[in-house]
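Colleague: Just so it is clear, I am handing over coords.cif, which has mmCIF, C-alpha atoms.
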data_protein
loop_
_atom_site.group_PDB
_atom_site.id
_atom_site.type_symbol
_atom_site.label_atom_id
_atom_site.label_comp_id
_atom_site.auth_asym_id
_atom_site.auth_seq_id
_atom_site.Cartn_x
_atom_site.Cartn_y
_atom_site.Cartn_z
ATOM 1 C CA MET L 1 0.000 0.000 0.000
ATOM 2 C CA LEU L 2 1.347 3.396 -0.994
ATOM 3 C CA ALA L 3 0.828 6.913 0.334
ATOM 4 C CA VAL L 4 -0.161 10.026 -1.585
ATOM 5 C CA PRO L 5 1.839 13.254 -1.177
ATOM 6 C CA GLY L 6 0.075 16.088 0.594
ATOM 7 C CA GLU L 7 -0.364 18.085 3.783
ATOM 8 C CA LEU L 8 -1.368 16.971 7.253
ATOM 9 C CA PRO L 9 -5.123 16.197 7.326
ATOM 10 C CA LYS L 10 -7.428 18.665 9.053
ATOM 11 C CA ASP L 11 -9.185 15.929 11.071
ATOM 12 C CA ARG L 12 -5.926 14.851 12.661
ATOM 13 C CA ALA L 13 -7.617 13.072 15.556
ATOM 14 C CA GLY L 14 -8.536 10.272 13.156
ATOM 15 C CA TYR L 15 -4.912 9.652 12.128
ATOM 16 C CA GLY L 16 -1.715 8.186 13.477
ATOM 17 C CA LEU L 17 1.651 9.714 12.555
ATOM 18 C CA GLU L 18 4.807 7.790 11.707
ATOM 19 C CA VAL L 19 8.275 9.072 10.906
ATOM 20 C CA LYS L 20 8.939 8.863 7.164
ATOM 21 C CA TRP L 21 12.227 7.022 6.865
ATOM 22 C CA ASP L 22 14.446 7.845 3.895
ATOM 23 C CA GLY L 23 14.791 4.250 2.680
ATOM 24 C CA ILE L 24 13.147 1.640 0.459
ATOM 25 C CA ARG L 25 10.116 -0.529 1.140
ATOM 26 C CA ALA L 26 10.418 -4.233 1.848
ATOM 27 C CA LEU L 27 8.274 -7.119 3.086
ATOM 28 C CA LEU L 28 9.653 -9.574 5.615
ATOM 29 C CA HIS L 29 8.213 -13.100 5.249
ATOM 30 C CA LEU L 30 8.674 -15.689 7.988
ATOM 31 C CA ASP L 31 7.311 -19.151 7.238
ATOM 32 C CA GLY L 32 9.805 -21.855 8.187
ATOM 33 C CA GLY L 33 12.584 -19.706 6.726
ATOM 34 C CA LEU L 34 13.024 -15.985 6.383
ATOM 35 C CA ARG L 35 12.703 -14.056 3.118
ATOM 36 C CA LEU L 36 12.903 -10.349 2.282
ATOM 37 C CA THR L 37 11.214 -9.004 -0.853
ATOM 38 C CA GLY L 38 10.881 -5.626 -2.544
ATOM 39 C CA ARG L 39 7.754 -3.834 -3.692
ATOM 40 C CA HIS L 40 7.630 -5.703 -6.994
ATOM 41 C CA GLY L 41 8.550 -9.109 -5.638
ATOM 42 C CA ALA L 42 12.332 -8.966 -6.105
ATOM 43 C CA ASP L 43 14.132 -11.168 -3.577
ATOM 44 C CA TYR L 44 16.272 -8.990 -1.295
ATOM 45 C CA THR L 45 17.307 -11.745 1.118
ATOM 46 C CA ARG L 46 20.876 -12.142 -0.175
ATOM 47 C CA ARG L 47 21.300 -8.398 -0.670
ATOM 48 C CA TYR L 48 20.683 -7.648 3.005
ATOM 49 C CA PRO L 49 21.818 -10.736 4.935
ATOM 50 C CA GLU L 50 22.219 -8.772 8.169
ATOM 51 C CA ILE L 51 18.433 -8.319 8.187
ATOM 52 C CA SER L 52 17.890 -12.029 7.881
ATOM 53 C CA VAL L 53 20.130 -12.843 10.827
ATOM 54 C CA ARG L 54 18.811 -10.096 13.077
ATOM 55 C CA GLU L 55 15.134 -10.614 12.285
ATOM 56 C CA ALA L 56 15.403 -14.402 12.478
ATOM 57 C CA LYS L 57 16.708 -14.091 16.027
ATOM 58 C CA THR L 58 13.812 -11.775 16.846
ATOM 59 C CA ALA L 59 11.263 -13.996 15.141
ATOM 60 C CA ALA L 60 12.451 -17.047 17.068
ATOM 61 C CA GLY L 61 11.207 -15.435 20.245
ATOM 62 C CA LEU L 62 7.884 -14.287 18.832
ATOM 63 C CA GLY L 63 6.087 -17.600 19.300
ATOM 64 C CA VAL L 64 4.588 -17.381 15.798
ATOM 65 C CA LYS L 65 4.833 -19.822 12.895
ATOM 66 C CA SER L 66 4.339 -17.422 10.013
ATOM 67 C CA VAL L 67 4.241 -13.662 9.612
ATOM 68 C CA VAL L 68 4.453 -11.005 6.895
ATOM 69 C CA ILE L 69 5.644 -7.571 8.020
ATOM 70 C CA ASP L 70 5.761 -4.391 5.930
ATOM 71 C CA GLY L 71 8.595 -1.986 6.621
ATOM 72 C CA GLU L 72 11.478 0.124 5.402
ATOM 73 C CA LEU L 73 15.127 -0.712 4.746
ATOM 74 C CA VAL L 74 17.214 2.149 6.116
ATOM 75 C CA ALA L 75 20.917 3.016 6.342
ATOM 76 C CA PHE L 76 21.893 5.232 9.278
ATOM 77 C CA ASP L 77 24.807 7.653 9.238
ATOM 78 C CA PRO L 78 27.247 8.000 12.160
ATOM 79 C CA ARG L 79 24.896 10.541 13.775
ATOM 80 C CA GLY L 80 22.023 8.069 13.732
ATOM 81 C CA ARG L 81 20.051 9.740 10.949
ATOM 82 C CA PRO L 82 18.780 7.951 7.820
ATOM 83 C CA SER L 83 21.144 8.376 4.888
ATOM 84 C CA PHE L 84 19.812 7.613 1.420
ATOM 85 C CA THR L 85 23.343 8.036 0.055
ATOM 86 C CA ARG L 86 24.653 5.251 2.283
ATOM 87 C CA LEU L 87 21.714 3.056 1.326
ATOM 88 C CA GLN L 88 22.429 3.537 -2.373
ATOM 89 C CA ARG L 89 25.874 2.038 -1.918
ATOM 90 C CA ARG L 90 24.136 -1.203 -1.018
ATOM 91 C CA MET L 91 21.238 -1.228 -3.480
ATOM 92 C CA ASN L 92 23.048 -2.865 -6.395
ATOM 93 C CA LEU L 93 25.158 -5.289 -4.355
ATOM 94 C CA THR L 94 23.605 -8.738 -4.691
ATOM 95 C CA ASP L 95 26.050 -10.542 -2.404
ATOM 96 C CA PRO L 96 27.832 -8.077 -0.059
ATOM 97 C CA GLY L 97 30.882 -9.281 1.808
ATOM 98 C CA PRO L 98 31.675 -8.974 5.529
ATOM 99 C CA ALA L 99 33.531 -5.661 5.114
ATOM 100 C CA VAL L 100 30.532 -4.028 3.408
ATOM 101 C CA LEU L 101 28.152 -5.368 6.045
ATOM 102 C CA ARG L 102 30.354 -3.944 8.776
ATOM 103 C CA LEU L 103 30.862 -0.514 7.184
ATOM 104 C CA ARG L 104 27.373 0.017 5.717
ATOM 105 C CA PRO L 105 24.842 -1.972 7.729
ATOM 106 C CA ILE L 106 21.154 -1.810 6.865
ATOM 107 C CA THR L 107 18.275 -1.822 9.356
ATOM 108 C CA PHE L 108 14.724 -3.065 8.766
ATOM 109 C CA LEU L 109 12.147 -0.835 10.450
ATOM 110 C CA PRO L 110 8.709 -2.564 10.639
ATOM 111 C CA PHE L 111 5.526 -0.487 10.499
ATOM 112 C CA ASP L 112 2.666 -2.803 9.488
ATOM 113 C CA LEU L 113 1.556 -6.411 10.009
ATOM 114 C CA LEU L 114 -0.153 -8.093 7.043
ATOM 115 C CA TYR L 115 -0.350 -11.788 7.945
ATOM 116 C CA LEU L 116 -0.062 -13.617 11.254
ATOM 117 C CA ASP L 117 0.034 -17.426 11.524
ATOM 118 C CA GLY L 118 -1.771 -17.802 8.210
ATOM 119 C CA THR L 119 -4.470 -15.253 8.975
ATOM 120 C CA PRO L 120 -4.658 -12.223 6.630
ATOM 121 C CA LEU L 121 -4.971 -8.947 8.513
ATOM 122 C CA LEU L 122 -5.499 -6.666 5.505
ATOM 123 C CA ASP L 123 -9.090 -5.777 6.400
ATOM 124 C CA LEU L 124 -8.301 -4.907 10.013
ATOM 125 C CA PRO L 125 -8.056 -1.190 10.844
ATOM 126 C CA TYR L 126 -4.572 0.279 10.945
ATOM 127 C CA ARG L 127 -4.739 0.802 14.737
ATOM 128 C CA ASP L 128 -5.447 -2.921 15.248
ATOM 129 C CA ARG L 129 -2.697 -4.080 12.904
ATOM 130 C CA ARG L 130 -0.250 -1.788 14.675
ATOM 131 C CA GLY L 131 -1.394 -3.093 18.056
ATOM 132 C CA LEU L 132 -0.671 -6.670 16.981
ATOM 133 C CA LEU L 133 2.681 -5.624 15.537
ATOM 134 C CA ASP L 134 3.655 -3.948 18.815
ATOM 135 C CA GLU L 135 2.704 -7.110 20.718
ATOM 136 C CA LEU L 136 5.204 -9.051 18.601
ATOM 137 C CA ASP L 137 7.999 -6.772 19.864
ATOM 138 C CA ALA L 138 9.625 -6.926 16.414
ATOM 139 C CA GLY L 139 11.420 -3.591 16.753
ATOM 140 C CA ALA L 140 8.767 -1.355 15.182
ATOM 141 C CA PRO L 141 9.294 2.373 15.813
ATOM 142 C CA PRO L 142 6.303 3.921 17.609
ATOM 143 C CA TYR L 143 3.519 5.828 15.948
ATOM 144 C CA PHE L 144 2.080 8.988 17.456
ATOM 145 C CA PRO L 145 -1.356 10.612 17.832
ATOM 146 C CA GLY L 146 -2.396 12.744 14.880
ATOM 147 C CA GLU L 147 -2.457 15.879 17.046
ATOM 148 C CA SER L 148 1.200 15.511 18.059
ATOM 149 C CA ASP L 149 3.935 17.843 16.815
ATOM 150 C CA LEU L 150 5.852 15.027 15.106
ATOM 151 C CA LEU L 151 6.151 16.995 11.860
ATOM 152 C CA ALA L 152 7.974 19.844 13.613
ATOM 153 C CA ALA L 153 10.149 17.359 15.519
ATOM 154 C CA THR L 154 11.240 15.591 12.317
ATOM 155 C CA ARG L 155 12.084 18.945 10.742
ATOM 156 C CA GLU L 156 14.286 19.884 13.708
ATOM 157 C CA GLN L 157 16.043 16.528 13.563
ATOM 158 C CA GLY L 158 16.702 16.729 9.827
ATOM 159 C CA LEU L 159 14.409 13.803 8.980
ATOM 160 C CA GLU L 160 12.440 13.432 5.747
ATOM 161 C CA GLY L 161 8.952 14.008 7.152
ATOM 162 C CA VAL L 162 5.964 12.003 8.387
ATOM 163 C CA VAL L 163 3.279 9.658 7.091
ATOM 164 C CA ALA L 164 -0.266 10.253 8.370
ATOM 165 C CA LYS L 165 -2.395 7.087 8.362
ATOM 166 C CA ARG L 166 -6.115 6.869 9.068
ATOM 167 C CA LEU L 167 -6.594 4.817 12.214
ATOM 168 C CA ASP L 168 -9.566 2.984 10.680
ATOM 169 C CA SER L 169 -7.953 2.298 7.287
ATOM 170 C CA PRO L 170 -7.546 -1.239 5.928
ATOM 171 C CA TYR L 171 -4.448 -2.278 3.979
ATOM 172 C CA ARG L 172 -4.844 -2.369 0.203
ATOM 173 C CA PRO L 173 -1.772 -3.862 -1.527
ATOM 174 C CA GLY L 174 -0.693 -2.081 -4.692
ATOM 175 C CA GLU L 175 -2.959 0.935 -4.168
ATOM 176 C CA ARG L 176 -1.843 4.514 -3.640
ATOM 177 C CA SER L 177 -4.518 5.490 -1.167
ATOM 178 C CA PRO L 178 -5.539 8.856 0.338
ATOM 179 C CA TRP L 179 -5.891 6.960 3.642
ATOM 180 C CA TRP L 180 -2.097 7.354 3.870
ATOM 181 C CA VAL L 181 -0.586 10.808 3.317
ATOM 182 C CA LYS L 182 3.169 11.466 3.149
ATOM 183 C CA VAL L 183 4.226 14.942 4.234
ATOM 184 C CA LYS L 184 7.817 15.767 3.289
ATOM 185 C CA HIS L 185 10.074 18.615 4.364
ATOM 186 C CA LEU L 186 12.165 18.197 1.220
ATOM 187 C CA ARG L 187 10.477 18.079 -2.164
ATOM 188 C CA THR L 188 11.637 15.030 -4.066
ATOM 189 C CA THR L 189 10.362 13.152 -7.088
ATOM 190 C CA GLU L 190 11.295 10.191 -9.213
ATOM 191 C CA VAL L 191 12.383 10.764 -12.816
ATOM 192 C CA VAL L 192 13.201 8.506 -15.746
ATOM 193 C CA VAL L 193 16.625 8.966 -17.325
ATOM 194 C CA GLY L 194 16.267 9.445 -21.078
ATOM 195 C CA GLY L 195 19.789 10.503 -21.961
ATOM 196 C CA TRP L 196 22.630 12.799 -21.039
ATOM 197 C CA LYS L 197 24.382 15.961 -22.134
ATOM 198 C CA PRO L 198 28.087 15.312 -22.810
ATOM 199 C CA GLY L 199 30.345 16.874 -20.218
ATOM 200 C CA LYS L 200 32.801 19.699 -20.651
ATOM 201 C CA GLY L 201 35.964 20.681 -18.826
ATOM 202 C CA ARG L 202 36.513 18.339 -15.884
ATOM 203 C CA ARG L 203 33.584 16.199 -17.072
ATOM 204 C CA ALA L 204 34.731 16.020 -20.701
ATOM 205 C CA GLY L 205 34.304 12.568 -22.186
ATOM 206 C CA GLY L 206 31.580 11.645 -19.713
ATOM 207 C CA ILE L 207 28.240 12.825 -18.430
ATOM 208 C CA GLY L 208 27.647 16.549 -18.006
ATOM 209 C CA SER L 209 24.027 16.293 -16.906
ATOM 210 C CA LEU L 210 21.189 13.785 -17.080
ATOM 211 C CA LEU L 211 18.039 14.356 -19.130
ATOM 212 C CA MET L 212 14.928 13.661 -17.048
ATOM 213 C CA GLY L 213 11.433 12.633 -18.013
ATOM 214 C CA VAL L 214 8.112 11.424 -16.626
ATOM 215 C CA PHE L 215 5.474 9.355 -18.392
ATOM 216 C CA THR L 216 2.191 10.851 -19.573
ATOM 217 C CA GLY L 217 -0.527 9.559 -21.869
ATOM 218 C CA GLU L 218 1.607 10.729 -24.810
ATOM 219 C CA GLY L 219 4.741 8.916 -23.718
ATOM 220 C CA LEU L 220 7.897 10.149 -21.982
ATOM 221 C CA ARG L 221 7.790 13.916 -21.380
ATOM 222 C CA TYR L 222 10.985 15.916 -20.862
ATOM 223 C CA VAL L 223 11.049 17.747 -17.513
ATOM 224 C CA GLY L 224 14.599 19.151 -17.463
ATOM 225 C CA HIS L 225 18.195 18.189 -16.903
ATOM 226 C CA VAL L 226 20.137 17.748 -13.686
ATOM 227 C CA GLY L 227 23.849 18.419 -13.390
ATOM 228 C CA THR L 228 24.424 18.809 -9.646
ATOM 229 C CA GLY L 229 24.491 16.385 -6.743
ATOM 230 C CA PHE L 230 26.939 13.957 -8.336
ATOM 231 C CA THR L 231 30.290 12.751 -7.104
ATOM 232 C CA ASP L 232 32.916 11.824 -9.700
ATOM 233 C CA ALA L 233 32.481 8.183 -8.699
ATOM 234 C CA ALA L 234 28.699 8.396 -9.160
ATOM 235 C CA LEU L 235 29.128 9.886 -12.644
ATOM 236 C CA GLY L 236 31.475 7.065 -13.569
ATOM 237 C CA GLU L 237 29.010 4.450 -12.334
ATOM 238 C CA LEU L 238 26.142 6.128 -14.201
ATOM 239 C CA TYR L 239 28.140 6.203 -17.425
ATOM 240 C CA ALA L 240 28.842 2.480 -17.119
ATOM 241 C CA LEU L 241 25.121 1.808 -16.640
ATOM 242 C CA LEU L 242 23.872 4.149 -19.367
ATOM 243 C CA ALA L 243 26.363 3.435 -22.163
ATOM 244 C CA PRO L 244 24.923 -0.044 -22.925
ATOM 245 C CA LEU L 245 21.418 1.499 -23.078
ATOM 246 C CA GLU L 246 22.334 4.062 -25.760
ATOM 247 C CA ILE L 247 19.928 4.418 -28.687
ATOM 248 C CA ARG L 248 19.978 6.564 -31.848
ATOM 249 C CA HIS L 249 16.769 8.541 -31.360
ATOM 250 C CA SER L 250 15.271 10.532 -28.518
ATOM 251 C CA PRO L 251 12.910 8.587 -26.208
ATOM 252 C CA PHE L 252 11.074 11.823 -25.373
ATOM 253 C CA GLY L 253 7.795 12.586 -27.117
ATOM 254 C CA ASP L 254 8.539 16.330 -27.130
ATOM 255 C CA PRO L 255 11.579 18.150 -28.568
ATOM 256 C CA VAL L 256 14.610 18.421 -26.300
ATOM 257 C CA PRO L 257 17.198 21.193 -26.840
ATOM 258 C CA TRP L 258 20.962 20.644 -27.332
ATOM 259 C CA ARG L 259 22.868 17.802 -28.867
ATOM 260 C CA ASN L 260 22.500 14.846 -26.559
ATOM 261 C CA ARG L 261 23.136 11.158 -26.107
ATOM 262 C CA TRP L 262 19.919 9.164 -25.869
ATOM 263 C CA VAL L 263 19.270 6.032 -23.876
ATOM 264 C CA ARG L 264 16.498 3.498 -23.493
ATOM 265 C CA PRO L 265 14.363 4.806 -20.592
ATOM 266 C CA ASP L 266 15.038 1.906 -18.235
ATOM 267 C CA LEU L 267 16.569 3.655 -15.210
ATOM 268 C CA VAL L 268 14.737 5.608 -12.509
ATOM 269 C CA GLY L 269 16.400 8.214 -10.307
ATOM 270 C CA GLU L 270 15.363 10.596 -7.565
ATOM 271 C CA VAL L 271 15.932 14.348 -7.488
ATOM 272 C CA ALA L 272 15.265 17.097 -4.967
ATOM 273 C CA TYR L 273 13.822 20.318 -6.412
ATOM 274 C CA THR L 274 12.331 23.668 -5.437
ATOM 275 C CA MET L 275 9.211 23.756 -7.634
ATOM 276 C CA TRP L 276 7.556 22.776 -10.914
ATOM 277 C CA THR L 277 7.485 25.601 -13.457
ATOM 278 C CA ASP L 278 4.385 26.478 -15.512
ATOM 279 C CA ASP L 279 5.832 24.607 -18.515
ATOM 280 C CA LEU L 280 6.386 21.482 -16.359
ATOM 281 C CA ARG L 281 10.104 21.731 -15.785
ATOM 282 C CA LEU L 282 11.775 20.887 -12.480
ATOM 283 C CA ARG L 283 13.420 24.000 -11.037
ATOM 284 C CA HIS L 284 16.853 23.674 -9.389
ATOM 285 C CA PRO L 285 16.955 19.856 -9.430
ATOM 286 C CA VAL L 286 19.679 18.103 -7.437
ATOM 287 C CA TRP L 287 20.456 14.439 -8.067
ATOM 288 C CA ARG L 288 19.869 12.132 -5.088
ATOM 289 C CA GLY L 289 20.596 8.831 -6.778
ATOM 290 C CA LEU L 290 19.190 5.870 -8.670
ATOM 291 C CA ARG L 291 16.035 4.107 -7.482
ATOM 292 C CA PRO L 292 16.360 0.449 -8.562
ATOM 293 C CA ASP L 293 13.303 -0.313 -6.414
ATOM 294 C CA LYS L 294 11.135 1.707 -8.821
ATOM 295 C CA ILE L 295 10.002 0.845 -12.354
ATOM 296 C CA PRO L 296 9.830 3.512 -15.107
ATOM 297 C CA ALA L 297 6.104 3.050 -15.802
ATOM 298 C CA GLU L 298 5.356 4.231 -12.236
ATOM 299 C CA VAL L 299 7.003 7.613 -12.830
ATOM 300 C CA THR L 300 4.148 9.841 -13.924
ATOM 301 C CA LEU L 301 2.890 13.362 -13.371
#
Take the structure in this file and express it as structure tokens.
Modeller:
Amino acid sequence: MLAVPGELPKDRAGYGLEVKWDGIRALLHLDGGLRLTGRHGADYTRRYPEISVREAKTAAGLGVKSVVIDGELVAFDPRGRPSFTRLQRRMNLTDPGPAVLRLRPITFLPFDLLYLDGTPLLDLPYRDRRGLLDELDAGAPPYFPGESDLLAATREQGLEGVVAKRLDSPYRPGERSPWWVKVKHLRTTEVVVGGWKPGKGRRAGGIGSLLMGVFTGEGLRYVGHVGTGFTDAALGELYALLAPLEIRHSPFGDPVPWRNRWVRPDLVGEVAYTMWTDDLRLRHPVWRGLRPDKIPAEVTL
């Protein structure tokens, strides 16, 4: 189940507030063994083996035979704050070694309980599912009353924002429901990479900036280019990923200025920005990184 972007609801007494962690969604399945999957069913178990070990030890003391828990995979920085940059360094590693696990550990933060001992809980209200999850003592961060000042607290602590969830809402897999509202301090959006502008000066021979698009009913629409937020290493990695995807013609349905290099629109990234302009361009975009947990068709206006 997915949240819609927006503001805190006016009838806040009917909602619970959770911290919005700057990570990626995952489902933890326990049924004899332990398995971790992404939003679209990709198996994450080998990618994040530290989760398997930690959660298996927790699950052994739960007294349950089978469980499915929804949550977020998060990387914390040395100050204890979620770091999407640190998480990205793990996203494409399918079999990380001991040194990586030690230097860049990942934590699974549970926030919803979907199945318990073979019984589906999807139609239960959110407050009841959370109550059962808390009884399992699986390490779920607390949720707060809708009238609390959690939004201000997350801003002060440099966190991404909050998610407001209706206390009486059921769980609807695959739906982006207004029963869940994500309220961010930083504006971010996913974009599809459709090509790049060749670099100049220090970036000569590589990527100068990435050409961004989103899907509409007419195909991939150009929404601007992003040239900041990259490290030299990130640009090198992006070039290695994009070069094999190069095509001869623009994937965008509308004209794009400059001479560019075009690619098959297979990769999704995330950018921070200040606003959308009237002609649907992202103003002052800053690259935050690739989102391998997203698929291009999901990136729409």
Colleague: List as a PyMOL selection string the protein and nucleic acid residues near range 101-117 of chain L, meaning an atom at most 6 Å away when only C-alpha atoms are counted, but skip any in the same chain fewer than 3 places from it.
Modeller: chain L and resi 65-75+98+120-122+129+133+140
Colleague: Would you mind exporting the chosen residues as a short mmCIF file (atom, residue, chain, number, x, y, z; two decimals), in the frame of the given file, restricted to C-alpha atoms?
Modeller:
data_model
loop_
_atom_site.label_atom_id
_atom_site.label_comp_id
_atom_site.auth_asym_id
_atom_site.auth_seq_id
_atom_site.Cartn_x
_atom_site.Cartn_y
_atom_site.Cartn_z
CA LYS L 65 4.83 -19.82 12.90
CA SER L 66 4.34 -17.42 10.01
CA VAL L 67 4.24 -13.66 9.61
CA VAL L 68 4.45 -11.00 6.90
CA ILE L 69 5.64 -7.57 8.02
CA ASP L 70 5.76 -4.39 5.93
CA GLY L 71 8.60 -1.99 6.62
CA GLU L 72 11.48 0.12 5.40
CA LEU L 73 15.13 -0.71 4.75
CA VAL L 74 17.21 2.15 6.12
CA ALA L 75 20.92 3.02 6.34
CA PRO L 98 31.68 -8.97 5.53
CA PRO L 120 -4.66 -12.22 6.63
CA LEU L 121 -4.97 -8.95 8.51
CA LEU L 122 -5.50 -6.67 5.50
CA ARG L 129 -2.70 -4.08 12.90
CA LEU L 133 2.68 -5.62 15.54
CA ALA L 140 8.77 -1.36 15.18
#
Colleague: Could you state which residues are captured by the PyMOL selection byres ((chain L and resi 182) around 7) in this file, as a PDB file with C-alpha atoms, in the coordinates of the input?
Modeller:
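Contents of expr05.pdb, as written:
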ATOM      1  CA  ALA L   3       0.828   6.913   0.334  1.00  0.00           C
ATOM      2  CA  VAL L   4      -0.161  10.026  -1.585  1.00  0.00           C
ATOM      3  CA  PRO L   5       1.839  13.254  -1.177  1.00  0.00           C
ATOM      4  CA  GLY L   6       0.075  16.088   0.594  1.00  0.00           C
ATOM      5  CA  VAL L 162       5.964  12.003   8.387  1.00  0.00           C
ATOM      6  CA  VAL L 163       3.279   9.658   7.091  1.00  0.00           C
ATOM      7  CA  ALA L 164      -0.266  10.253   8.370  1.00  0.00           C
ATOM      8  CA  TRP L 180      -2.097   7.354   3.870  1.00  0.00           C
ATOM      9  CA  VAL L 181      -0.586  10.808   3.317  1.00  0.00           C
ATOM     10  CA  VAL L 183       4.226  14.942   4.234  1.00  0.00           C
ATOM     11  CA  LYS L 184       7.817  15.767   3.289  1.00  0.00           C
TER      12      LYS L 184
END
Colleague: Convert the output of the PyMOL selection byres ((chain L and resi 267) around 7) on the shown file into explicit residues, formatted as a list in words.
Modeller: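 Those residues are Val192, Val193, Pro265, Asp266, Val268, Gly269 and Pro296 of chain L.
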Colleague: For Pro170 in chain L, which residue out of L:Pro82, L:Gly63, L:Pro125, L:Gly224 is the nearest one, using all atoms listed in the file?
Modeller: L:Pro125
Colleague: Would you mind reading off the distance between CA of Leu87 in chain L and CA of Ile207 in chain L, one decimal, in Å?
Modeller: 23.0 Å
Colleague: Take CA of Thr94 in chain L and CA of Thr231 in chain L and report the distance between them in Å, one decimal.
Modeller: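 Between these atoms lies a distance of 22.6 Å.
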Colleague: Could you tell me how far CA of Arg81 in chain L lies from CA of Asp128 in chain L, in Å and to one decimal?
Modeller: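 Here the two named atoms are 28.8 Å from each other.
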Colleague: Neighbours of Trp179 in chain L within 7 Å (all atoms listed in the file; same-chain residues fewer than 5 positions away dropped), as an mmCIF file with C-alpha atoms, in the coordinates of the input?
Modeller:
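So around_11.cif came out as:
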data_model
loop_
_atom_site.group_PDB
_atom_site.id
_atom_site.type_symbol
_atom_site.label_atom_id
_atom_site.label_comp_id
_atom_site.auth_asym_id
_atom_site.auth_seq_id
_atom_site.Cartn_x
_atom_site.Cartn_y
_atom_site.Cartn_z
ATOM 1 C CA LYS L 165 -2.395 7.087 8.362
ATOM 2 C CA ARG L 166 -6.115 6.869 9.068
ATOM 3 C CA SER L 169 -7.953 2.298 7.287
#
Colleague: Report as a PyMOL selection string all protein, DNA and RNA residues lying within 10 Å of Ala243 in chain L, evaluated on only C-alpha atoms, omitting residues in the same chain fewer than 2 positions from it.
Modeller: chain L and resi 195+238-241+245-247+261-264
Colleague: Could you check the closest approach to Arg202 in chain L for each of L:Glu218, L:Trp276, L:Ser83, L:Asp232 and tell me which residue wins, using all atoms listed in the file?
Modeller: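 The closest residue to Arg202 in chain L is L:Asp232.
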Colleague: Edge lengths and centre, in Å to one decimal, as lines of an AutoDock Vina configuration file: that's what I need for the box along x, y and z that holds all listed atoms of range 2-20 of chain L plus 5 Å on each side.
Modeller:
center_x = -0.1
center_y = 11.0
center_z = 7.0
size_x = 28.1
size_y = 25.3
size_z = 27.1
Colleague: List the residues matched by the PyMOL selection byres ((chain L and resi 272) around 12) in the displayed structure as a PyMOL selection string, ordered by chain and then by residue number.
Modeller: chain L and resi 160+184-191+226+228-229+269-271+273-276+282-289
Colleague: Which residue out of L:Gly139, L:Glu50, L:Glu237, L:Tyr126 has the minimum interatomic distance to Val100 in chain L when all atoms listed in the file are used?
Modeller: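 Between L:Gly139, L:Glu50, L:Glu237, L:Tyr126, the residue approaching Val100 in chain L most closely is L:Glu50.
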